[in-house]
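Raw upload15.cif, mmCIF, C-alpha atoms:
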data_target
loop_
_atom_site.label_atom_id
_atom_site.label_comp_id
_atom_site.auth_asym_id
_atom_site.auth_seq_id
_atom_site.Cartn_x
_atom_site.Cartn_y
_atom_site.Cartn_z
CA MET A 202 89.17 97.83 89.94
CA ASP A 203 91.92 97.62 87.33
CA ALA A 204 90.60 94.28 86.12
CA LEU A 205 87.13 95.78 85.71
CA VAL A 206 88.51 98.79 83.87
CA ASN A 207 90.53 96.61 81.51
CA LYS A 208 87.44 94.51 80.79
CA ARG A 209 85.51 97.68 79.92
CA ILE A 210 88.37 98.87 77.72
CA LYS A 211 88.24 95.63 75.73
CA GLN A 212 84.50 96.22 75.21
CA ILE A 213 85.14 99.81 74.13
CA LEU A 214 87.71 98.58 71.61
CA LYS A 215 84.91 96.49 70.09
CA GLY A 216 82.84 99.67 69.75
CA ASP A 217 80.69 99.37 72.90
CA LYS A 218 79.76 102.92 73.95
CA ASP A 219 77.88 101.77 77.07
CA ALA A 220 81.13 100.39 78.45
CA PHE A 221 82.64 103.81 77.94
CA ALA A 222 79.75 105.44 79.81
CA GLU A 223 80.71 103.27 82.79
CA ILE A 224 84.28 104.51 82.58
CA VAL A 225 83.02 108.09 82.55
CA ASP A 226 80.94 107.36 85.67
CA LEU A 227 83.99 106.00 87.46
CA TYR A 228 86.30 108.92 86.77
CA GLN A 229 84.13 111.96 86.05
CA HIS A 230 84.38 113.60 89.48
CA ARG A 231 88.14 113.19 89.78
CA LEU A 232 88.75 114.54 86.29
CA TYR A 233 86.32 117.41 86.67
CA GLN A 234 87.93 118.36 89.98
CA VAL A 235 91.46 118.57 88.50
CA CYS A 236 90.17 120.70 85.65
CA TYR A 237 88.28 122.99 87.99
CA ARG A 238 91.28 123.45 90.31
CA MET A 239 93.56 124.10 87.35
CA LEU A 240 91.25 126.48 85.50
CA GLY A 241 89.22 128.01 88.33
CA ASN A 242 86.07 128.19 86.23
CA ARG A 243 83.21 125.70 86.21
CA HIS A 244 82.28 126.17 82.56
CA GLU A 245 85.79 125.73 81.31
CA ALA A 246 86.37 122.82 83.68
CA GLU A 247 83.30 121.04 82.29
CA ASP A 248 84.35 121.69 78.71
CA ILE A 249 87.93 120.51 79.20
CA ALA A 250 87.00 117.46 81.31
CA GLN A 251 84.50 116.39 78.64
CA GLU A 252 87.08 116.94 75.94
CA ALA A 253 89.53 114.78 77.90
CA PHE A 254 87.03 111.90 77.94
CA VAL A 255 86.33 112.30 74.23
CA ARG A 256 90.06 112.15 73.46
CA ALA A 257 90.43 109.11 75.67
CA PHE A 258 87.63 107.39 73.72
CA ILE A 259 89.13 108.24 70.34
CA ASN A 260 92.63 107.17 71.37
CA ILE A 261 91.69 104.21 73.54
CA HIS A 262 93.61 101.83 71.22
CA THR A 263 96.86 103.63 72.19
CA PHE A 264 96.37 102.92 75.91
CA ASP A 265 98.75 100.28 77.25
CA GLN A 266 96.61 98.03 79.45
CA LYS A 267 99.58 97.10 81.61
CA ARG A 268 99.59 100.66 82.94
CA LYS A 269 97.18 102.47 85.20
CA PHE A 270 94.18 103.86 83.35
CA SER A 271 93.61 106.78 85.75
CA THR A 272 97.20 107.97 85.18
CA TRP A 273 96.59 108.01 81.43
CA LEU A 274 93.29 109.89 81.85
CA TYR A 275 94.80 112.45 84.24
CA ARG A 276 97.58 113.02 81.78
CA ILE A 277 95.20 113.81 78.94
CA ALA A 278 93.22 116.17 81.19
CA THR A 279 96.21 118.05 82.66
CA ASN A 280 97.73 118.51 79.21
CA LEU A 281 94.46 119.99 77.97
CA CYS A 282 94.28 122.29 81.00
CA ILE A 283 97.84 123.52 80.55
CA ASP A 284 97.18 124.16 76.84
CA ARG A 285 94.09 126.14 77.76
CA ILE A 286 95.94 128.20 80.37
CA ARG A 287 98.77 128.98 77.93
CA LYS A 288 96.31 130.10 75.27
CA LYS A 289 94.78 132.57 77.66
CA LYS A 290 98.13 134.05 78.60
CA PRO A 291 99.37 137.14 76.81
CA ASP A 292 102.13 136.72 74.29
CA TYR A 293 105.24 137.42 76.34
CA TYR A 294 107.39 135.29 78.55
CA LEU A 295 106.32 135.41 82.13
CA ASP A 296 109.75 134.29 83.30
CA ALA A 297 111.42 137.28 81.67
CA GLU A 298 112.57 139.93 84.10
CA VAL A 299 110.70 143.17 83.94
CA ARG A 300 113.00 145.99 82.85
CA GLY A 301 114.13 148.40 85.54
CA THR A 302 113.34 145.95 88.32
CA GLU A 303 115.70 143.54 89.93
CA GLY A 304 114.60 139.94 90.29
CA LEU A 305 111.02 140.87 89.60
CA ASP A 306 109.46 138.77 86.86
CA MET A 307 106.05 138.89 85.26
CA TYR A 308 104.73 136.34 87.73
CA SER A 309 105.12 138.79 90.56
CA GLN A 310 103.64 141.54 88.42
CA ILE A 311 100.57 139.48 87.66
CA ALA A 312 100.31 138.32 91.24
CA THR A 313 100.26 141.89 92.52
CA SER A 314 97.78 143.08 89.92
CA ASP A 315 95.57 140.08 90.66
CA GLU A 316 95.73 140.60 94.37
CA LEU A 317 92.44 141.45 95.98
CA PRO A 318 92.24 144.32 98.45
CA GLU A 319 92.28 143.23 102.07
CA GLU A 320 88.61 143.93 102.78
CA GLU A 321 87.55 141.94 99.68
CA LEU A 322 89.74 139.08 100.79
CA MET A 323 88.13 139.05 104.22
CA LYS A 324 84.72 138.57 102.62
CA LEU A 325 85.76 135.42 100.77
CA GLU A 326 84.48 132.13 102.06
CA LEU A 327 87.22 129.64 102.90
CA GLN A 328 86.58 127.53 99.79
CA ASP A 329 86.73 130.55 97.49
CA ARG A 330 89.86 131.68 99.23
CA ILE A 331 91.53 128.32 98.63
CA GLN A 332 90.67 128.41 94.94
CA TYR A 333 91.82 132.02 94.72
CA GLU A 334 95.24 131.20 96.21
CA ILE A 335 95.63 128.11 94.02
CA SER A 336 94.79 130.10 90.90
CA ARG A 337 97.56 132.58 91.71
CA LEU A 338 100.21 129.86 91.56
CA PRO A 339 102.23 129.60 88.33
CA ASP A 340 100.73 126.68 86.36
CA LYS A 341 103.92 124.58 86.73
CA TYR A 342 103.47 124.53 90.50
CA ARG A 343 99.70 124.55 90.38
CA SER A 344 99.41 121.22 88.54
CA ALA A 345 101.81 119.52 90.97
CA ILE A 346 100.10 120.94 94.08
CA VAL A 347 96.59 120.10 92.82
CA LEU A 348 97.52 116.50 91.99
CA LYS A 349 99.32 116.05 95.30
CA TYR A 350 96.92 117.65 97.78
CA MET A 351 93.54 117.70 96.08
CA GLU A 352 93.68 114.44 94.19
CA GLU A 353 95.93 112.93 96.84
CA LEU A 354 98.18 111.13 94.36
CA SER A 355 101.65 109.74 95.05
CA LEU A 356 104.73 111.57 93.82
CA GLN A 357 105.43 108.64 91.49
CA GLU A 358 101.99 108.92 89.88
CA ILE A 359 102.33 112.67 89.52
CA SER A 360 105.65 112.19 87.79
CA GLU A 361 103.99 109.83 85.29
CA ILE A 362 101.02 112.12 84.73
CA LEU A 363 103.14 115.20 84.13
CA ASP A 364 105.82 113.18 82.29
CA LEU A 365 108.52 114.69 84.49
CA PRO A 366 111.36 113.12 86.49
CA LEU A 367 110.52 112.48 90.12
CA GLY A 368 113.09 115.07 91.25
CA THR A 369 111.44 117.78 89.15
CA VAL A 370 108.03 116.95 90.62
CA LYS A 371 109.43 117.26 94.15
CA THR A 372 111.04 120.61 93.31
CA ARG A 373 107.76 121.91 91.92
CA ILE A 374 105.83 120.84 94.98
CA HIS A 375 108.45 122.43 97.26
CA ARG A 376 108.35 125.69 95.30
CA GLY A 377 104.56 125.55 95.20
CA ARG A 378 104.40 125.24 98.97
CA GLU A 379 106.87 128.11 99.39
CA ALA A 380 104.88 130.28 96.95
CA LEU A 381 101.67 129.57 98.87
CA ARG A 382 103.43 130.31 102.15
CA LYS A 383 104.44 133.74 100.84
CA GLN A 384 100.95 134.39 99.46
CA LEU A 385 99.32 133.51 102.76
CA SER A 386 101.78 135.42 104.96
CA ARG A 387 101.20 138.57 102.88
CA GLN A 388 97.48 138.36 103.60
CA PRO A 389 95.59 138.60 106.88
CA HIS A 390 95.30 135.28 108.61
CA ILE A 391 92.59 132.85 107.82
CA MET B 482 117.43 133.18 109.59
CA ASN B 483 120.05 134.07 107.02
CA ALA B 484 122.57 132.18 109.06
CA CYS B 485 120.58 128.95 108.85
CA PRO B 486 121.90 126.37 106.42
CA GLU B 487 119.84 126.07 103.24
CA ARG B 488 119.46 122.37 103.73
CA ILE B 489 117.18 122.97 106.72
CA VAL B 490 114.40 124.28 104.45
CA HIS B 491 115.04 121.33 102.16
CA PHE B 492 114.63 118.98 105.12
CA MET B 493 111.31 120.67 105.93
CA HIS B 494 110.02 119.75 102.49
CA GLU B 495 111.37 116.24 102.75
CA TYR B 496 109.50 115.99 106.03
CA LEU B 497 106.28 117.25 104.43
CA ASP B 498 106.68 114.76 101.57
CA GLY B 499 107.03 112.01 104.17
CA GLU B 500 110.37 111.06 102.67
CA ILE B 501 112.83 112.28 105.30
CA SER B 502 115.65 110.06 106.48
CA ARG B 503 116.34 109.43 110.17
CA GLU B 504 119.49 111.63 110.25
CA HIS B 505 117.83 114.51 108.41
CA GLU B 506 114.88 114.40 110.75
CA LEU B 507 117.12 114.52 113.82
CA GLU B 508 119.08 117.45 112.40
CA LEU B 509 115.86 119.27 111.50
CA LYS B 510 114.37 118.76 114.97
CA SER B 511 117.40 119.90 116.86
CA HIS B 512 117.68 122.96 114.61
CA LEU B 513 114.03 123.89 115.04
CA GLN B 514 114.40 123.78 118.81
CA SER B 515 117.14 126.37 118.65
CA CYS B 516 115.84 128.61 115.83
CA GLU B 517 112.59 130.53 116.10
CA ALA B 518 112.64 131.79 112.53
CA CYS B 519 112.85 128.27 111.13
CA GLN B 520 110.21 127.13 113.55
CA ALA B 521 107.89 129.79 112.14
CA HIS B 522 108.80 128.76 108.60
CA MET B 523 108.00 125.13 109.33
CA HIS B 524 104.77 126.17 110.97
CA GLU B 525 103.71 128.23 107.95
CA LEU B 526 104.48 125.38 105.59
CA SER B 527 102.38 122.99 107.66
CA ASP B 528 99.59 125.59 107.56
CA VAL B 529 99.87 125.72 103.76
CA VAL B 530 99.41 121.97 103.56
CA ALA B 531 96.43 122.05 105.91
CA PHE B 532 94.98 125.00 103.98
CA VAL B 533 95.21 123.27 100.57
CA LYS B 534 93.97 119.98 101.96
CA GLY B 535 90.94 121.84 103.28
CA ALA B 536 89.64 122.18 99.74
CA ALA B 537 86.24 120.55 99.41
CA HIS B 538 85.74 117.71 96.98
CA ILE B 539 84.17 118.97 93.84
CA GLU B 540 81.70 116.90 91.85
CA ALA B 541 80.98 117.02 88.15
CA PRO B 542 77.53 118.36 87.17
CA ASN B 543 74.66 115.84 86.97
CA ASP B 544 74.41 115.62 83.20
CA PHE B 545 78.17 115.34 82.71
CA ASN B 546 78.09 111.72 81.59
CA HIS B 547 75.37 112.35 78.97
CA SER B 548 77.19 115.36 77.62
CA VAL B 549 80.35 113.30 77.15
CA ILE B 550 78.51 110.52 75.32
CA ALA B 551 76.79 113.13 73.12
CA ARG B 552 80.18 114.56 72.20
CA LEU B 553 81.66 111.23 71.10
CA PRO B 554 82.25 111.00 67.35
CA LYS B 555 79.55 109.11 65.48
CA GLU B 556 80.80 105.84 64.06
CA LYS B 557 80.88 106.15 60.28
CA SER B 558 79.95 103.30 57.97
CA HIS B 559 83.39 103.13 56.42
CA GLU B 560 84.83 102.49 59.83
CA GLY B 561 83.14 99.10 59.61
CA VAL B 562 85.03 98.43 56.41
CA SER B 563 88.36 99.44 57.92
CA LYS B 564 87.67 97.27 60.95
CA TRP B 565 86.92 94.32 58.64
CA LEU B 566 90.14 95.00 56.76
CA ARG B 567 92.11 95.09 59.99
CA ARG B 568 90.66 91.77 61.05
CA HIS B 569 91.41 90.01 57.76
CA PRO B 570 94.96 91.01 56.89
CA VAL B 571 95.57 88.12 54.47
CA LEU B 572 92.48 88.83 52.40
CA THR B 573 93.34 92.53 52.44
CA ALA B 574 96.83 91.79 51.18
CA ALA B 575 95.45 89.55 48.43
CA ALA B 576 92.96 92.22 47.35
CA MET B 577 95.68 94.88 47.33
CA PHE B 578 97.87 92.60 45.23
CA LEU B 579 95.16 92.01 42.64
CA LEU B 580 94.31 95.70 42.51
CA LEU B 581 97.91 96.75 41.97
CA MET B 582 98.53 93.98 39.42
CA SER B 583 95.51 94.85 37.31
CA SER B 584 96.24 98.56 37.42
CA ALA B 585 99.80 97.81 36.32
CA LEU B 586 98.44 95.86 33.34
CA PHE B 587 96.10 98.67 32.32
CA THR B 588 98.75 101.33 32.64
CA ASN B 589 101.08 99.15 30.58
CA PHE B 590 98.47 99.13 27.88
CA ASN B 591 98.18 102.90 27.86
CA ASP B 592 101.79 103.78 28.48
CA GLU B 593 103.36 101.67 25.79
CA GLN B 594 102.45 103.98 22.96
CA GLN B 595 105.71 103.45 21.15
CA PHE B 596 105.85 101.66 17.88
CA SER B 597 107.73 98.38 18.18
CA PHE B 598 107.87 95.04 16.47
CA THR B 599 109.64 91.69 16.61
CA LYS B 600 112.84 91.88 14.68
CA GLN B 601 112.70 89.42 11.79
CA GLU B 602 114.71 89.09 8.63
CA ASN B 603 113.12 90.01 5.32
CA VAL B 604 110.90 92.62 6.90
CA LEU B 605 110.58 96.20 5.68
CA VAL B 606 109.46 99.14 7.78
CA GLU B 607 107.81 102.24 6.36
CA GLY B 608 106.82 104.81 8.92
CA GLU B 609 104.79 102.81 11.41
CA THR B 610 103.94 100.00 9.07
CA VAL B 611 105.72 96.67 9.00
CA ILE B 612 105.75 95.14 5.55
CA ILE B 613 106.44 91.59 4.52
CA PRO B 614 107.27 92.06 0.84
CA GLU B 615 105.81 89.87 -1.86
CA GLY B 616 107.65 86.63 -2.44
CA GLN B 617 109.42 86.80 0.95
CA VAL B 618 108.92 84.21 3.65
CA VAL B 619 109.27 85.29 7.32
CA LYS B 620 109.92 82.43 9.68
CA GLY B 621 108.85 82.89 13.30
CA ASP B 622 106.19 84.88 15.15
CA LEU B 623 105.64 88.55 14.57
CA VAL B 624 104.35 90.94 17.23
CA VAL B 625 103.71 94.59 16.33
CA ARG B 626 102.75 97.26 18.83
CA ASN B 627 101.16 100.56 17.91
CA GLY B 628 101.66 100.04 14.21
CA ASP B 629 100.06 98.39 11.17
CA VAL B 630 101.17 95.34 9.27
CA GLN B 631 100.99 94.88 5.52
CA ILE B 632 101.46 91.32 4.40
CA ASP B 633 102.23 90.73 0.77
CA GLY B 634 104.39 87.67 1.30
CA GLU B 635 104.26 84.73 3.68
CA LEU B 636 104.47 84.57 7.46
CA ASP B 637 105.41 81.19 8.84
CA GLY B 638 104.27 81.82 12.40
CA ASN B 639 101.73 83.68 14.52
CA LEU B 640 100.85 87.32 13.98
CA THR B 641 99.84 89.57 16.87
CA ILE B 642 99.00 93.25 16.40
CA ILE B 643 98.44 95.47 19.40
CA ASN B 644 96.77 98.77 18.62
CA GLY B 645 96.97 98.38 14.88
CA THR B 646 95.49 96.72 11.80
CA ALA B 647 96.64 94.02 9.44
CA TYR B 648 96.38 94.59 5.69
CA MET B 649 96.54 91.41 3.70
CA ALA B 650 97.32 91.22 0.03
CA SER B 651 95.80 88.40 -2.01
CA THR B 652 99.18 86.76 -2.00
CA ALA B 653 99.40 86.87 1.81
CA ASN B 654 99.75 83.65 3.71
CA ILE B 655 99.92 83.20 7.46
CA THR B 656 100.53 79.70 8.69
CA GLY B 657 99.90 80.48 12.35
CA THR B 658 97.08 82.41 14.02
CA SER B 659 96.46 86.10 13.54
CA GLU B 660 95.18 88.43 16.24
CA GLU B 661 94.47 92.11 16.58
CA ILE B 662 94.26 93.61 20.04
CA ASN B 663 92.77 97.08 20.32
CA GLU B 664 90.95 97.21 23.62
CA ALA B 665 92.17 97.15 27.14
CA PHE B 666 90.09 94.10 27.84
CA ASP B 667 91.58 92.23 24.91
CA TRP B 668 94.98 93.28 26.15
CA LEU B 669 94.27 91.81 29.55
CA TRP B 670 93.02 88.59 27.99
CA TYR B 671 96.06 88.43 25.79
CA LYS B 672 98.34 88.89 28.81
CA ILE B 673 96.56 86.12 30.67
CA LYS B 674 96.74 83.75 27.72
CA ASP B 675 100.36 84.64 27.22
CA GLY B 676 101.11 83.96 30.86
CA ALA B 677 99.24 80.64 30.73
CA LYS B 678 101.03 79.63 27.58
CA GLU B 679 104.37 80.35 29.12
CA VAL B 680 103.50 78.28 32.13
CA VAL B 681 102.29 75.42 29.95
CA SER B 682 105.31 75.53 27.69
CA PHE B 683 107.54 75.62 30.73
CA PHE B 684 106.01 72.40 31.97
CA GLU B 685 106.12 70.86 28.53
CA LYS B 686 109.82 71.64 28.26
CA ASP B 687 110.30 70.13 31.64
CA GLU B 688 108.58 66.96 30.61
CA THR B 689 110.50 66.61 27.35
CA LYS B 690 113.70 66.82 29.33
#
Here is a file; write its structure as structure tokens.
Amino acid sequence: MDALVNKRIKQILKGDKDAFAEIVDLYQHRLYQVCYRMLGNRHEAEDIAQEAFVRAFINIHTFDQKRKFSTWLYRIATNLCIDRIRKKKPDYYLDAEVRGTEGLDMYSQIATSDELPEEELMKLELQDRIQYEISRLPDKYRSAIVLKYMEELSLQEISEILDLPLGTVKTRIHRGREALRKQLSRQPHI
Amino acid sequence: MNACPERIVHFMHEYLDGEISREHELELKSHLQSCEACQAHMHELSDVVAFVKGAAHIEAPNDFNHSVIARLPKEKSHEGVSKWLRRHPVLTAAAMFLLLMSSALFTNFNDEQQFSFTKQENVLVEGETVIIPEGQVVKGDLVVRNGDVQIDGELDGNLTIINGTAYMASTANITGTSEEINEAFDWLWYKIKDGAKEVVSFFEKDETK
């Protein structure tokens, strides 16, 4: 697989767009899925996943062929997703404590305001419910959880994609699991 | 549950990551057997993993590939040129050298607007005119930049005037050649000839030694 990909990359470097179309075929579903899980919206996911491929094409000469191509692609896509999420956020720090509350930060505020009423929640199909819970995770934990459990990547690969030390990736996955545990225990059982 | 050591929760996550050591696993198991709260915690975490893993695989829309290709930047014609340049670094360097050299020559021609001349004995200067007075003999070459030359006497050598004119009296006498250079192209030609002459004379000197 890697040998084939590197062969295609050499062709792309010579200006062969058909070789790039093959690369898109190979990775489109994986990249689209990450974007969808991160953004929770099909239109945005399509836009960002396409943008990720376009950037990969433009910057293909910077890719080091000794490394794994999928890691490089995932990295472009997750960075674009995180940029997009940050742009949508209002202009204050979510980590900052809300005045007059103890230990409550904006994350918990947003989580409570986002929370669906129980009867609405009961109506959700399982798949919608999964996406809903994922989308309520802070984006730091969301990217790690999505890459680990939906893309089924190794911790080492996730650390390369997110450009974080392995220990930080583990911490984020642990905290992501704990956050999900709290979210699920607050809600009626699925 | 408050009484439980914090490391127990950490061991749970190590276990879920599939990276737990033998000792940690033993400690975790024996603790879980004796602590219902931690058992519930572990159970909930396992449920979280199962819940997230239950997410269906999502596929990109059918026309995704075409849309990507349509969004790629069109290759511009000058990209061909830059590619060619990248592939022929030596030729590129040579072309750059010639370009810079010639532009240096042209700017020299335009920048050197100051009046200057070769210092020779018996020569008079009035304003921007170099005069060889009547009855005087100047030995050696005379080069004048941005000024005129009036020759009433004799010049025993070559005369070169750059950006100027020579006025000869009837008594004037130049034993060498006389040249006026007023155009950039002439200037370039002069520089080339000058360079060639120097090279030739250098070799001649070498041979006479």
task = Tell me the residues of chain A close to chain B, meaning within 9 Å using only C-alpha atoms, as a PyMOL selection string.
result = chain A and resi 216+218-219+221-223+225-226+229-234+237+247+250-252+254-256+258-259+327-328+331-332+335+346-347+350-351+353+356+371+374-375+378-379+381-382+385-386
Taking C-alpha atoms for each residue, export the selection above as a compact mmCIF listing (two decimals), in the coordinates of the input.
# COMPACT_ATOMS: atom_id res chain seq x y z
CA GLY A 216 82.84 99.67 69.75
CA LYS A 218 79.76 102.92 73.95
CA ASP A 219 77.88 101.77 77.07
CA PHE A 221 82.64 103.81 77.94
CA ALA A 222 79.75 105.44 79.81
CA GLU A 223 80.71 103.27 82.79
CA VAL A 225 83.02 108.09 82.55
CA ASP A 226 80.94 107.36 85.67
CA GLN A 229 84.13 111.96 86.05
CA HIS A 230 84.38 113.60 89.48
CA ARG A 231 88.14 113.19 89.78
CA LEU A 232 88.75 114.54 86.29
CA TYR A 233 86.32 117.41 86.67
CA GLN A 234 87.93 118.36 89.98
CA TYR A 237 88.28 122.99 87.99
CA GLU A 247 83.30 121.04 82.29
CA ALA A 250 87.00 117.46 81.31
CA GLN A 251 84.50 116.39 78.64
CA GLU A 252 87.08 116.94 75.94
CA PHE A 254 87.03 111.90 77.94
CA VAL A 255 86.33 112.30 74.23
CA ARG A 256 90.06 112.15 73.46
CA PHE A 258 87.63 107.39 73.72
CA ILE A 259 89.13 108.24 70.34
CA LEU A 327 87.22 129.64 102.90
CA GLN A 328 86.58 127.53 99.79
CA ILE A 331 91.53 128.32 98.63
CA GLN A 332 90.67 128.41 94.94
CA ILE A 335 95.63 128.11 94.02
CA ILE A 346 100.10 120.94 94.08
CA VAL A 347 96.59 120.10 92.82
CA TYR A 350 96.92 117.65 97.78
CA MET A 351 93.54 117.70 96.08
CA GLU A 353 95.93 112.93 96.84
CA LEU A 356 104.73 111.57 93.82
CA LYS A 371 109.43 117.26 94.15
CA ILE A 374 105.83 120.84 94.98
CA HIS A 375 108.45 122.43 97.26
CA ARG A 378 104.40 125.24 98.97
CA GLU A 379 106.87 128.11 99.39
CA LEU A 381 101.67 129.57 98.87
CA ARG A 382 103.43 130.31 102.15
CA LEU A 385 99.32 133.51 102.76
CA SER A 386 101.78 135.42 104.96
query = the PyMOL selection byres ((chain B and resi 603-619) around 10) on the file shown: which residues, as a ChimeraX atom specification?
reply = /B:595-602,620-623,625-638,645-650,652-655
If you take every atom of range 526-544 of chain B that the file lists and fit an axis-aligned box around them with 3 Å extra on each side, what centre and edge lengths come out in Å to one decimal, as JSON?
{"center_x": 89.4, "center_y": 120.7, "center_z": 95.4, "size_x": 36.1, "size_y": 16.1, "size_z": 30.5}
inquiry  = One decimal, in Å: what's the spacing between CA of Glu517 in chain B and CA of Ile501 in chain B?
reply    =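 Result for CA of Glu517 in chain B versus CA of Ile501 in chain B: 21.2 Å, one decimal.
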task = For CA of Ile283 in chain A and CA of Leu227 in chain A, determine how far apart the two atoms are, in Å to one decimal place.
result =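 Straight-line distance from CA of Ile283 in chain A to CA of Leu227 in chain A works out to 23.4 Å.
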message = As an exercise, work out the distance from CA of Tyr275 in chain A to CA of Lys383 in chain A in Å and give it to one decimal place.
response =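 So the two atoms, CA of Tyr275 in chain A and CA of Lys383 in chain A, lie 28.7 Å apart.
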message = For range 268-274 of chain A, find every residue with an atom within 7 Å (counting all atoms listed in the file), except residues of its own chain fewer than 4 positions away, and show them as a PyMOL selection string.
response = chain A and resi 257+278+358+362
Residues from the last selection, C-alpha atoms, saved as an mmCIF file, keeping the file's coordinate frame:
data_model
loop_
_atom_site.group_PDB
_atom_site.id
_atom_site.type_symbol
_atom_site.label_atom_id
_atom_site.label_comp_id
_atom_site.auth_asym_id
_atom_site.auth_seq_id
_atom_site.Cartn_x
_atom_site.Cartn_y
_atom_site.Cartn_z
ATOM 1 C CA ALA A 257 90.430 109.110 75.670
ATOM 2 C CA ALA A 278 93.220 116.170 81.190
ATOM 3 C CA GLU A 358 101.990 108.920 89.880
ATOM 4 C CA ILE A 362 101.020 112.120 84.730
#
request  = Carefully work through the PyMOL selection byres ((chain B and resi 640) around 7) for this structure and note down the residues it includes, as a list in words.
outcome  =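 That expression, the PyMOL selection byres ((chain B and resi 640) around 7), corresponds here to Asp622, Leu623, Val624, Gly638, Asn639, Thr641, Ile642, Thr658, Ser659 and Glu660 of chain B.
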Residues as selected, C-alpha atoms, written as a compact mmCIF listing (two decimals), in the coordinates of the input, can you do that?
# COMPACT_ATOMS: atom_id res chain seq x y z
CA ASP B 622 106.19 84.88 15.15
CA LEU B 623 105.64 88.55 14.57
CA VAL B 624 104.35 90.94 17.23
CA GLY B 638 104.27 81.82 12.40
CA ASN B 639 101.73 83.68 14.52
CA THR B 641 99.84 89.57 16.87
CA ILE B 642 99.00 93.25 16.40
CA THR B 658 97.08 82.41 14.02
CA SER B 659 96.46 86.10 13.54
CA GLU B 660 95.18 88.43 16.24
inquiry  = Using the chain letters and numbers from this file, what does the PyMOL selection byres ((chain A and resi 360) around 12) select? Give the answer as a PyMOL selection string.
reply    = chain A and resi 272-273+275-276+344-345+348-349+354-359+361-374
inquiry  = I need the residue nearest Ile213 in chain A from this list: A:Met239, A:Ala253, A:Ala246, A:Ile261. Use all atoms listed in the file for the distance.
reply    =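 The answer is A:Ile261, which sits nearest to Ile213 in chain A.
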